[in-house]
Every structure is written in structure tokens, then in C-alpha cells.
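What follows is a set of notes on a single structure, which appears directly below.
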Amino acid sequence: MQAALAQYHDALSAAGLLKEHLICPLFVSERPQSTTSAMPGVPLTPAGEAVSRVQEIIDAGIPSVIVFGIPKSRDAKGSGAFGKDGLVQRAAREIKSAFGRSVSVVTDVCLCQYNLSGHCGLLLGNKVDNDTTCRALAEIAVSHAEAGADVVAPSAMMDGQVLAIRKALDAGGLATRILSYSAKHASSLYTPFRSAAFQKAGAIDKSAYQVGYANPRQAMREIEQDIREGADMVMVKPALAYLDLVKRAKEAFRTPVAVQNVSGEYAMIKAAAGRGLIDEEEWKVMSMVAMRRAGADRIISYFALDIARYLA
């Protein structure tokens with residue numbers, strides 16, 4: 001075991017991966033369950049207990065968390081995402097009050113967990129209304145920033161969302177940074193997350209506003225546009241099948257690039273390891289090394305705590 005630990009530590013170190021590069025997801029939930037079968041080992045933190053969960057993350061040496069809210073109920077307007085006492089807003093306020101600058105709080109800015117459709121935007125008829133959604137996202141982002149978020153992360157993939165948020169933050173005198181989900185690809189790899197956040201939401205076709213996997217030029221255009229609109233960092237999602245885009249973005253732009261090692265990537269490793277088909281620890285490390293090798297400046301991953309242990 002010690003030999004394996006040393007091997008994994010050396011591999012991560014050789015890739016230049018530090019704990020500072022990791023962002024640990026934090027699900028804050030109003031629902032009674034504490035875990036989800038779709039993502040074994042990933043806890044759903046009850047509302048009001050975010051501070052104790054973040055303490056564990058800080059103790060592991062990880063300086064950043066990204067907060068996702070899982071409300072008890074949803075409505076057509078996604079109104080739970082807006083209020084000053086919303087799940088994410090309360091969690092951000094409590095975490096920053098407890099830890100201050102010791103932890104960087106990133107917040108997910110989207111409507112999918114809060115509205116009945118499960119789409120990332122507000123519907124007009126049967127279609128997502130881009131402009132109305134951008135205004136809503138800007139309002140949500142401001143509420144997160146006022147609650148203490150260091151970084152807001154719009155993930156809805158609406159055209160102009162970064163510009164709308166940047167203008168709203170500037171108008172409020174808020175210095176909060178923007179991590180934009182710039183190249184978020186339509187993918188079934190989000191299904192485990194959706195099953196946790198939506199409780200059997202079923203298949204949701206978001207291809208009208210997310211990026212197609214066969215169109216790298218569109219992905220690069222989306223990244224460039226978000227940078228022009230004021231993003232401080234851009235993201236490629238999912239991670240493993242799109243590392244070529246991470247490398248291209250690093251070569252083309254000076255803006256830092258993040259990746260999200262999504263729930264389906266996590267679940268595949270867990271499932272294959274559970275059947276004895278792969279070595280789980282090896283693949284955790286190998287995946288992280290690949291992301292860092294491609295040039296990722298930040299990695300959002302459900303494996304963050306495991307990787308931090310190897311970096312100790």
C-alpha cells in the first residue's frame with residue numbers, strides 16, 4: 001500500500017498537480033436522503049450543515065468548494081434560485097462567516113435544479129427563452145455575490161450570460177469573479193448528477209443550447225466570446241473526452257482554464273471498479289494527471305478528497 005501511495009504521489013507531482021488546483025463539489029440539500037445511489041460516496045449535505053462539511057474539505061488541504069443547491073421543491077419559474085435565503089445563498093453566507101478567506105466559495109448559477117422542466121433556462125412555450133434567462137442568471141449571480149461568493153459559475157450556456165452577469169456585478173459594486181461554463185457539451189454523462197438533483201427527472205435534451213461533441217470550432221468560439229464578455233476563467237465540460245479542447249484553449253488564450261470531471265465520469269470509474277474490471281485508485285490518479293497534463297488550471301472533481309490524500 002505504501003508503495004502505491006508513493007507511486008500515485010509521484011505521478012501527481014510530476015504532472016504539477018497541487019491541492020490548490022482542486023475544487024470540491026458540495027451538494028447542499030433540503031431533501032431527507034444523505035446519499036444518492038447514482039454517485040456512491042458523494043454525500044448530500046443537509047441545509048445548515050455546510051460548515052462542518054467544508055471543515056472536512058479544508059482539513060484535507062483543498063482551498064475551494066463549488067456549491068450546488070438541491071431544493072425540496074421546484075416551480076415553473078425556478079424561484080428558489082433567487083431569494084437571499086435560498087440554499088446556495090445561505091450556504092455561502094455560513095461558509096464565509098466561518099472560514100473567511102481560508103476557503104474560496106464558488107457557486108453554481110443555473111436554474112435546472114429549481115424549475116420544473118429541468119432545463120437550464122426559463123421556458124417560453126416549449127423553448128428556453130435565452131434573454132429572459134440571462135436576466136434571471138444575473139439576478140441569481142448578484143444574490144450569490146452579496147451572500148459572500150468569491151466566484152460565480154454560470155452553467156446555463158445561454159448566449160450573453162457572462163455579459164449580463166458582469167454588468168450586474170459591476171452595477172452592484174461587486175468584485176466577484178466569473179468562472180464560465182463556456183464549452184459545456186450536451187452529454188449523457190450528466191445523468192447521475194441529474195438523478196441526484198432532480199429525483200428521476202428523466203431524459204432532458206439540452207442540445208439546442210449546449211455544444212455538440214463533433215464541433216470543436218463552436219467550442220472555441222464559445223470560450224472566446226465568454227472571455228470577451230468578461231469571464232475571469234473558462235471551463236470545458238465534461239473533462240476526459242474533451243482534453244484536446246483544454247489544450248487548444250490554453251494555447252489560444254491567456255485566461256485560466258478549468259475542467260469539470262463530471263458525475264458520469266465518476267460513476268463509470270466506480271462501476272467498473274466495483275465489478276473488478278479496473279483499478280479504481282489507478283484510474284482516479286490517471287484521470288487527474290491527464291487533465292492537468294492537458295493544461296487545466298482548476299479541476300472540479302468528486303474525487304478531489306481522494307486525490308488530496310495522495311498529495312499529502
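Lettering and numbering for the C-alpha cells are positional, with chains as A, B, ... in the shown order, residues counted from 1 in each chain, and ligands counted from 1 in the shown order.
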Please, which residues in region 85-105 of chain A fall within 7 Å of region 53-70 of chain A when counting only C-alpha atoms, and what is the closest atom pair and distance in Å to one decimal for each, ordered by chain then residue number, as JSON lines?
```
{"residue": "A:Leu87", "atom": "CA", "partner": "A:Gly69", "partner_atom": "CA", "distance": 5.6}
{"residue": "A:Val88", "atom": "CA", "partner": "A:Gly69", "partner_atom": "CA", "distance": 5.5}
{"residue": "A:Ser102", "atom": "CA", "partner": "A:Pro63", "partner_atom": "CA", "distance": 6.8}
{"residue": "A:Val103", "atom": "CA", "partner": "A:Pro63", "partner_atom": "CA", "distance": 4.9}
{"residue": "A:Ser104", "atom": "CA", "partner": "A:Ser64", "partner_atom": "CA", "distance": 4.6}
{"residue": "A:Val105", "atom": "CA", "partner": "A:Val65", "partner_atom": "CA", "distance": 5.4}
```
Can you spit out the residues from that selection as a tab-separated table (two decimals), in the first residue's frame, using all heavy atoms?
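Result written to result_35.tsv:
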```tsv
chain	number	residue	atom	x	y	z
A	87	LEU	N	-30.96	28.22	-0.82
A	87	LEU	CA	-30.00	27.22	-0.33
A	87	LEU	C	-28.55	27.66	-0.54
A	87	LEU	O	-27.73	27.62	0.38
A	87	LEU	CB	-30.24	25.90	-1.05
A	87	LEU	CG	-31.22	24.92	-0.44
A	87	LEU	CD1	-31.47	23.76	-1.40
A	87	LEU	CD2	-30.70	24.39	0.87
A	88	VAL	N	-28.23	28.02	-1.76
A	88	VAL	CA	-26.84	28.39	-2.08
A	88	VAL	C	-26.45	29.68	-1.36
A	88	VAL	O	-25.33	29.80	-0.83
A	88	VAL	CB	-26.65	28.52	-3.60
A	88	VAL	CG1	-25.27	29.08	-3.93
A	88	VAL	CG2	-26.85	27.16	-4.28
A	102	SER	N	-10.05	31.67	4.17
A	102	SER	CA	-9.43	30.34	4.20
A	102	SER	C	-9.99	29.42	3.13
A	102	SER	O	-9.38	28.39	2.80
A	102	SER	CB	-9.63	29.69	5.57
A	102	SER	OG	-9.01	30.45	6.58
A	103	VAL	N	-11.15	29.76	2.60
A	103	VAL	CA	-11.75	28.94	1.56
A	103	VAL	C	-12.34	29.85	0.50
A	103	VAL	O	-12.88	30.92	0.79
A	103	VAL	CB	-12.85	28.01	2.13
A	103	VAL	CG1	-14.02	28.80	2.69
A	103	VAL	CG2	-13.34	27.01	1.08
A	104	SER	N	-12.20	29.44	-0.76
A	104	SER	CA	-12.81	30.15	-1.88
A	104	SER	C	-14.13	29.48	-2.20
A	104	SER	O	-14.17	28.26	-2.46
A	104	SER	CB	-11.89	30.12	-3.10
A	104	SER	OG	-12.51	30.75	-4.21
A	105	VAL	N	-15.21	30.24	-2.16
A	105	VAL	CA	-16.54	29.70	-2.42
A	105	VAL	C	-16.96	30.04	-3.85
A	105	VAL	O	-17.09	31.21	-4.21
A	105	VAL	CB	-17.58	30.26	-1.42
A	105	VAL	CG1	-18.99	29.78	-1.80
A	105	VAL	CG2	-17.23	29.82	-0.01
```
- Task: Do a neighbour search on region 109-124 of chain A at 6 Å with only C-alpha atoms, toss out local chain neighbours closer than 3 positions, and write the hits as a PyMOL selection string.
- Result: chain A and resi 74-78+80+127-129+133+153-156+197
- Could you state the separation of CA of Lys72 (chain A) and CA of Ala50 (chain A) in Å, given to one decimal place?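 It comes out at 16.4 Å.
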- Which is closer to Leu26 (chain A) than all the others in A:Ala147, A:Ala91, A:Ile204, A:Ala98, using only C-alpha atoms?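 Closest to Leu26 (chain A), using only C-alpha atoms: A:Ala91.
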- Message: For the strand (DSSP E or B) assignment from backbone DSSP, which residues of region 130-288 of chain A qualify? Please present them as a PyMOL selection string.
- Response: chain A and resi 151-154+177-185+211+233-237+257-261
Written file, previous selection with N, CA, C and O atoms, as a compact mmCIF listing (two decimals), in the first residue's frame:
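Written file, result_36.txt:
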```txt
# COMPACT_ATOMS: atom_id res chain seq x y z
N VAL A 151 -16.60 33.49 -6.27
CA VAL A 151 -16.69 33.23 -7.72
C VAL A 151 -18.09 32.75 -8.03
O VAL A 151 -18.62 31.89 -7.32
N VAL A 152 -18.71 33.28 -9.08
CA VAL A 152 -19.98 32.75 -9.56
C VAL A 152 -19.71 32.00 -10.86
O VAL A 152 -18.90 32.44 -11.69
N ALA A 153 -20.39 30.86 -11.02
CA ALA A 153 -20.11 29.99 -12.16
C ALA A 153 -21.38 29.72 -12.95
O ALA A 153 -22.12 28.77 -12.66
N PRO A 154 -21.70 30.56 -13.94
CA PRO A 154 -22.88 30.33 -14.76
C PRO A 154 -22.72 29.10 -15.65
O PRO A 154 -21.77 29.01 -16.42
N ARG A 177 -15.62 37.26 -9.02
CA ARG A 177 -15.13 36.78 -10.31
C ARG A 177 -16.13 35.83 -10.97
O ARG A 177 -17.02 35.30 -10.32
N ILE A 178 -15.94 35.61 -12.26
CA ILE A 178 -16.83 34.74 -13.04
C ILE A 178 -16.04 33.57 -13.62
O ILE A 178 -15.05 33.78 -14.34
N LEU A 179 -16.46 32.37 -13.27
CA LEU A 179 -15.96 31.15 -13.89
C LEU A 179 -17.07 30.64 -14.80
O LEU A 179 -18.09 30.14 -14.32
N SER A 180 -16.91 30.81 -16.08
CA SER A 180 -17.99 30.48 -17.01
C SER A 180 -17.85 29.05 -17.56
O SER A 180 -16.78 28.63 -17.98
N TYR A 181 -18.98 28.33 -17.53
CA TYR A 181 -19.05 27.04 -18.22
C TYR A 181 -19.16 27.35 -19.71
O TYR A 181 -20.24 27.36 -20.28
N SER A 182 -18.03 27.61 -20.34
CA SER A 182 -18.03 28.14 -21.70
C SER A 182 -18.26 27.06 -22.75
O SER A 182 -18.98 27.28 -23.74
N ALA A 183 -17.63 25.92 -22.59
CA ALA A 183 -17.77 24.82 -23.54
C ALA A 183 -18.37 23.62 -22.82
O ALA A 183 -17.70 22.64 -22.52
N LYS A 184 -19.66 23.75 -22.51
CA LYS A 184 -20.40 22.68 -21.84
C LYS A 184 -21.12 21.88 -22.92
O LYS A 184 -22.04 22.37 -23.57
N HIS A 185 -20.68 20.65 -23.08
CA HIS A 185 -21.18 19.81 -24.17
C HIS A 185 -22.41 19.01 -23.77
O HIS A 185 -22.51 18.53 -22.64
N VAL A 211 -23.10 22.55 -26.38
CA VAL A 211 -22.23 22.37 -27.54
C VAL A 211 -22.25 20.91 -28.00
O VAL A 211 -22.25 20.00 -27.17
N MET A 233 -12.33 33.13 -15.78
CA MET A 233 -11.87 31.78 -16.02
C MET A 233 -12.94 31.08 -16.86
O MET A 233 -14.12 31.38 -16.73
N VAL A 234 -12.52 30.18 -17.74
CA VAL A 234 -13.47 29.45 -18.58
C VAL A 234 -13.37 27.96 -18.29
O VAL A 234 -12.37 27.48 -17.75
N MET A 235 -14.43 27.24 -18.64
CA MET A 235 -14.46 25.82 -18.32
C MET A 235 -14.83 24.97 -19.54
O MET A 235 -15.65 25.38 -20.36
N VAL A 236 -14.22 23.80 -19.58
CA VAL A 236 -14.58 22.76 -20.54
C VAL A 236 -15.22 21.61 -19.76
O VAL A 236 -14.68 21.17 -18.74
N LYS A 237 -16.37 21.14 -20.23
CA LYS A 237 -17.12 20.12 -19.52
C LYS A 237 -17.88 19.27 -20.53
O LYS A 237 -18.47 19.82 -21.45
N VAL A 257 -8.04 28.10 -17.52
CA VAL A 257 -9.00 27.11 -18.00
C VAL A 257 -9.26 26.07 -16.91
O VAL A 257 -8.32 25.50 -16.34
N ALA A 258 -10.52 25.83 -16.64
CA ALA A 258 -10.92 24.79 -15.69
C ALA A 258 -11.59 23.65 -16.44
O ALA A 258 -12.02 23.79 -17.59
N VAL A 259 -11.67 22.50 -15.77
CA VAL A 259 -12.46 21.38 -16.28
C VAL A 259 -13.36 20.88 -15.16
O VAL A 259 -13.07 21.07 -13.98
N GLN A 260 -14.47 20.25 -15.55
CA GLN A 260 -15.29 19.57 -14.57
C GLN A 260 -15.30 18.08 -14.89
O GLN A 260 -15.73 17.65 -15.95
N ASN A 261 -14.76 17.32 -13.95
CA ASN A 261 -14.72 15.86 -14.01
C ASN A 261 -16.11 15.38 -13.56
O ASN A 261 -16.35 15.16 -12.39
```
Write down as a compact mmCIF listing (two decimals) with C-alpha atoms, in the first residue's frame the residues of region 218-273 of chain A whose backbone DSSP state falls under helix (DSSP H, G or I).
```
# COMPACT_ATOMS: atom_id res chain seq x y z
CA GLN A 218 -18.01 26.14 -31.90
CA ALA A 219 -16.50 25.28 -28.53
CA MET A 220 -13.57 27.60 -29.16
CA ARG A 221 -15.92 30.38 -30.30
CA GLU A 222 -17.96 29.99 -27.12
CA ILE A 223 -14.80 30.23 -25.00
CA GLU A 224 -13.53 33.29 -26.87
CA GLN A 225 -16.90 35.04 -26.58
CA ASP A 226 -17.11 34.46 -22.83
CA ILE A 227 -13.63 35.90 -22.39
CA ARG A 228 -14.66 38.99 -24.36
CA GLU A 229 -17.76 39.34 -22.18
CA LEU A 240 -11.95 13.36 -20.20
CA ALA A 241 -13.32 13.27 -23.75
CA TYR A 242 -12.51 16.96 -24.33
CA LEU A 243 -8.93 17.37 -23.16
CA ASP A 244 -7.91 18.37 -26.67
CA LEU A 245 -10.09 21.46 -26.23
CA VAL A 246 -8.41 22.25 -22.92
CA LYS A 247 -5.06 22.19 -24.64
CA ARG A 248 -6.33 24.33 -27.53
CA ALA A 249 -7.83 26.87 -25.17
CA LYS A 250 -4.62 27.09 -23.15
CA GLU A 251 -2.64 27.71 -26.32
CA ALA A 252 -5.09 30.24 -27.75
CA SER A 263 -20.74 12.72 -12.42
CA GLY A 264 -20.84 10.21 -15.29
CA GLU A 265 -17.04 10.03 -15.39
CA TYR A 266 -17.07 9.44 -11.65
CA ALA A 267 -19.82 6.82 -11.89
CA MET A 268 -18.11 4.90 -14.69
CA ILE A 269 -14.91 4.52 -12.69
CA LYS A 270 -16.88 3.48 -9.60
CA ALA A 271 -18.99 0.97 -11.54
CA ALA A 272 -16.10 -0.62 -13.42
CA ALA A 273 -14.03 -0.84 -10.24
```
